[in-house]
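To keep things clear, I will list the structure first and then write my remarks on it.
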Amino acid sequence: MSESTIWWLLAGSAVAIELATGTFYLLMLAVGFVAGAIAAHSGLAIIGQMVISAAAGGGAVAAWHWYRGKTPAPLPANANRDVNLDIGEPVQVEQWNSDGTTTVKFRGALWTAIPADPAEPAATGSFRIKEMQGNRLVLEKL
């Protein structure tokens, strides 16, 4: 078996394991294995193949780690509009109860709602849904 075939098998194995586990870093290591296979096809010695593979795979892992560190963390599911399409929708508050809750009509049903900032004085008017806590809407003033 040629050296390039071994590199291609390693790359394929890394991709297969990534599909089973969901670890994106394995795809970056597969990039390194592909670089090793290309180096083997070009006739480099095994040491050169390993150096190129390690540089490409390690560089890809480092670049991905840096990129992930720069992007903001996703919102939790109860406040993420990508998960719950009700987030950001407007509602009308007519009155607040003495316990700090209110009942709003939303999507044809009555919902219990609480203010996002309990220290803020309860005012009526237009609010938007900031997040969902269980079966309660958390509202913030528009």
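Chain identifiers are assigned as A, B, and so on, following the order in which chains appear in the structure tokens; residues are numbered from 1 within each chain, and ligands are numbered from 1 in order of appearance.
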
>> List the spatial neighbours of A:Asn84 as an NGL selection string - criterion: any atom at most 12 Å away, only C-alpha atoms, same-chain residues fewer than 3 positions off excluded.
In response: :A and (75-81 or 87-89 or 129-133 or 137)

With only C-alpha atoms as the counted atoms, please give the residues lying no more than 8 Å from A:Trp8, apart from itself and same-chain residues fewer than 3 positions off, as a PDB file with N, CA and C atoms, in the first residue's frame.
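Final output, around-v3.pdb:
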```pdb
ATOM      1  N   SER A   4       0.509   7.511   0.070  1.00  0.00           N
ATOM      2  CA  SER A   4      -0.628   8.400  -0.169  1.00  0.00           C
ATOM      3  C   SER A   4      -1.954   7.712   0.164  1.00  0.00           C
ATOM      4  N   THR A   5      -2.029   6.409  -0.089  1.00  0.00           N
ATOM      5  CA  THR A   5      -3.250   5.671   0.241  1.00  0.00           C
ATOM      6  C   THR A   5      -3.495   5.678   1.743  1.00  0.00           C
ATOM      7  N   ALA A  11      -7.586  10.380   6.291  1.00  0.00           N
ATOM      8  CA  ALA A  11      -8.509  11.498   6.066  1.00  0.00           C
ATOM      9  C   ALA A  11      -9.951  11.008   6.054  1.00  0.00           C
ATOM     10  N   GLY A  12     -10.200   9.909   5.352  1.00  0.00           N
ATOM     11  CA  GLY A  12     -11.564   9.365   5.318  1.00  0.00           C
ATOM     12  C   GLY A  12     -12.042   8.910   6.676  1.00  0.00           C
ATOM     13  N   PHE A  33      -4.506  15.620   6.968  1.00  0.00           N
ATOM     14  CA  PHE A  33      -4.259  14.317   6.341  1.00  0.00           C
ATOM     15  C   PHE A  33      -4.302  14.421   4.814  1.00  0.00           C
ATOM     16  N   VAL A  34      -5.207  15.232   4.303  1.00  0.00           N
ATOM     17  CA  VAL A  34      -5.266  15.443   2.850  1.00  0.00           C
ATOM     18  C   VAL A  34      -3.982  16.124   2.372  1.00  0.00           C
ATOM     19  N   ALA A  37      -1.435  13.537   2.088  1.00  0.00           N
ATOM     20  CA  ALA A  37      -1.647  12.711   0.894  1.00  0.00           C
ATOM     21  C   ALA A  37      -1.130  13.424  -0.350  1.00  0.00           C
TER      22      ALA A  37
END
```

Just how far from atom CA of A:Met28 is atom CA of A:Leu44, in Å to one decimal?
->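 Calculated distance between atom CA of A:Leu44 and atom CA of A:Met28 is 21.8 Å.
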
Within 8 Å of stretch 58-66 of chain A: each stretch 4-49 of chain A residue with its shortest pair, only C-alpha atoms, as JSON lines:
```
{"residue": "A:Tyr25", "atom": "CA", "partner": "A:Val61", "partner_atom": "CA", "distance": 6.1}
{"residue": "A:Met28", "atom": "CA", "partner": "A:Ala60", "partner_atom": "CA", "distance": 5.3}
{"residue": "A:Leu29", "atom": "CA", "partner": "A:Val61", "partner_atom": "CA", "distance": 7.0}
{"residue": "A:Val31", "atom": "CA", "partner": "A:Ala60", "partner_atom": "CA", "distance": 7.4}
{"residue": "A:Gly32", "atom": "CA", "partner": "A:Gly58", "partner_atom": "CA", "distance": 7.3}
```

Residues from the last selection, N, CA, C and O atoms, saved as an mmCIF file, in the first residue's frame:
```cif
data_model
loop_
_atom_site.group_PDB
_atom_site.id
_atom_site.type_symbol
_atom_site.label_atom_id
_atom_site.label_comp_id
_atom_site.auth_asym_id
_atom_site.auth_seq_id
_atom_site.Cartn_x
_atom_site.Cartn_y
_atom_site.Cartn_z
ATOM 1 N N TYR A 25 -13.498 19.741 14.886
ATOM 2 C CA TYR A 25 -12.040 19.779 14.852
ATOM 3 C C TYR A 25 -11.463 18.588 14.080
ATOM 4 O O TYR A 25 -10.374 18.690 13.516
ATOM 5 N N MET A 28 -10.834 19.505 10.599
ATOM 6 C CA MET A 28 -9.601 20.275 10.430
ATOM 7 C C MET A 28 -8.395 19.340 10.383
ATOM 8 O O MET A 28 -7.452 19.564 9.622
ATOM 9 N N LEU A 29 -8.417 18.298 11.195
ATOM 10 C CA LEU A 29 -7.327 17.317 11.139
ATOM 11 C C LEU A 29 -7.361 16.552 9.818
ATOM 12 O O LEU A 29 -6.312 16.209 9.269
ATOM 13 N N VAL A 31 -8.128 17.821 7.022
ATOM 14 C CA VAL A 31 -7.450 18.717 6.079
ATOM 15 C C VAL A 31 -5.946 18.461 6.122
ATOM 16 O O VAL A 31 -5.281 18.419 5.084
ATOM 17 N N GLY A 32 -5.412 18.269 7.312
ATOM 18 C CA GLY A 32 -3.992 17.951 7.445
ATOM 19 C C GLY A 32 -3.646 16.613 6.804
ATOM 20 O O GLY A 32 -2.600 16.482 6.141
#
```

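Restricting the calculation to only C-alpha atoms, the smallest distance between A:Trp111 and any of A:Ala123, A:Val51, A:Leu10, A:Val93 is found for A:Val93.
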
* Asked: Near A:Arg128, within 7 Å and counting only C-alpha atoms, which residues show up once chain neighbours fewer than 3 positions away are dropped, as a ChimeraX atom specification?
  -> /A:88-91,139-142

Limited to N, CA and C atoms, could you put the picked residues into a file as a PDB file, in the first residue's frame?
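Output contents, as saved in selection02.pdb:
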```pdb
ATOM      1  N   GLY A  88     -39.151  38.586  20.159  1.00  0.00           N
ATOM      2  CA  GLY A  88     -39.158  39.829  19.394  1.00  0.00           C
ATOM      3  C   GLY A  88     -40.519  40.277  18.920  1.00  0.00           C
ATOM      4  N   GLU A  89     -41.532  39.445  19.106  1.00  0.00           N
ATOM      5  CA  GLU A  89     -42.872  39.805  18.663  1.00  0.00           C
ATOM      6  C   GLU A  89     -43.502  40.811  19.632  1.00  0.00           C
ATOM      7  N   PRO A  90     -44.292  41.752  19.104  1.00  0.00           N
ATOM      8  CA  PRO A  90     -44.908  42.757  19.977  1.00  0.00           C
ATOM      9  C   PRO A  90     -46.171  42.226  20.657  1.00  0.00           C
ATOM     10  N   VAL A  91     -46.412  42.715  21.863  1.00  0.00           N
ATOM     11  CA  VAL A  91     -47.650  42.442  22.596  1.00  0.00           C
ATOM     12  C   VAL A  91     -48.092  43.741  23.265  1.00  0.00           C
ATOM     13  N   LEU A 139     -41.194  40.179  29.072  1.00  0.00           N
ATOM     14  CA  LEU A 139     -41.440  41.343  28.220  1.00  0.00           C
ATOM     15  C   LEU A 139     -40.481  42.469  28.528  1.00  0.00           C
ATOM     16  N   GLU A 140     -40.129  43.202  27.461  1.00  0.00           N
ATOM     17  CA  GLU A 140     -39.364  44.442  27.632  1.00  0.00           C
ATOM     18  C   GLU A 140     -40.087  45.544  26.860  1.00  0.00           C
ATOM     19  N   LYS A 141     -39.973  46.759  27.389  1.00  0.00           N
ATOM     20  CA  LYS A 141     -40.663  47.913  26.803  1.00  0.00           C
ATOM     21  C   LYS A 141     -40.085  48.200  25.428  1.00  0.00           C
ATOM     22  N   LEU A 142     -40.961  48.545  24.499  1.00  0.00           N
ATOM     23  CA  LEU A 142     -40.516  48.951  23.158  1.00  0.00           C
ATOM     24  C   LEU A 142     -39.929  50.336  23.174  1.00  0.00           C
TER      25      LEU A 142
END
```

Would you return as a PyMOL selection string the members of chain A that DSSP assigns to strand (DSSP E) on this structure's backbone? chain A and resi 90-93+102-106+109-115+125-133+136-141

Might you pull out every residue within 9 Å of A:Ile52, with only C-alpha atoms counted and same-chain residues fewer than 4 positions away left off, and present them as a CSV table (one decimal) with N, CA and C atoms, in the first residue's frame?
```csv
chain,number,residue,atom,x,y,z
A,32,GLY,N,-5.4,18.3,7.3
A,32,GLY,CA,-4.0,18.0,7.4
A,32,GLY,C,-3.6,16.6,6.8
A,33,PHE,N,-4.5,15.6,7.0
A,33,PHE,CA,-4.3,14.3,6.3
A,33,PHE,C,-4.3,14.4,4.8
A,35,ALA,N,-3.5,17.1,3.1
A,35,ALA,CA,-2.2,17.7,2.8
A,35,ALA,C,-1.1,16.7,2.8
A,36,GLY,N,-1.1,15.8,3.7
A,36,GLY,CA,-0.1,14.7,3.7
A,36,GLY,C,-0.2,13.8,2.5
A,39,ALA,N,1.2,15.7,-0.4
A,39,ALA,CA,2.7,15.7,-0.3
A,39,ALA,C,3.2,14.3,-0.7
A,47,ILE,N,9.1,12.1,6.2
A,47,ILE,CA,9.2,13.2,7.2
A,47,ILE,C,8.6,14.5,6.6
A,48,GLY,N,8.8,14.8,5.4
A,48,GLY,CA,8.2,16.0,4.8
A,48,GLY,C,6.7,15.9,4.8
A,56,ALA,N,-0.5,21.8,8.3
A,56,ALA,CA,-1.8,22.1,7.7
A,56,ALA,C,-2.9,21.8,8.7
A,57,GLY,N,-2.9,20.6,9.3
A,57,GLY,CA,-3.9,20.2,10.3
A,57,GLY,C,-3.9,21.0,11.6
```

Between atom CA of A:Ile6 and atom CA of A:Leu27 lies a distance of 16.9 Å

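Coordinates place atom CA of A:Gly125 at a distance of 26.3 Å from atom CA of A:Asp82.
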
| Exercise: A:Ile46 partners within 8 Å, only C-alpha atoms, chain neighbours under 4 positions left out, as a PyMOL selection string | chain A and resi 3+40+50

With N, CA, C and O atoms retained, write the just-selected residues as an mmCIF file, in the first residue's frame.
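Writing done, so here's part00.cif:
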```
data_model
loop_
_atom_site.group_PDB
_atom_site.id
_atom_site.type_symbol
_atom_site.label_atom_id
_atom_site.label_comp_id
_atom_site.auth_asym_id
_atom_site.auth_seq_id
_atom_site.Cartn_x
_atom_site.Cartn_y
_atom_site.Cartn_z
ATOM 1 N N GLU A 3 2.104 5.243 0.409
ATOM 2 C CA GLU A 3 1.975 6.204 1.514
ATOM 3 C C GLU A 3 0.765 7.112 1.320
ATOM 4 O O GLU A 3 0.059 7.444 2.276
ATOM 5 N N ALA A 40 2.528 13.240 -0.370
ATOM 6 C CA ALA A 40 2.970 11.903 -0.771
ATOM 7 C C ALA A 40 2.862 11.727 -2.284
ATOM 8 O O ALA A 40 3.743 11.127 -2.915
ATOM 9 N N MET A 50 4.842 14.260 6.912
ATOM 10 C CA MET A 50 4.367 14.471 8.292
ATOM 11 C C MET A 50 4.421 15.945 8.679
ATOM 12 O O MET A 50 3.506 16.437 9.351
#
```
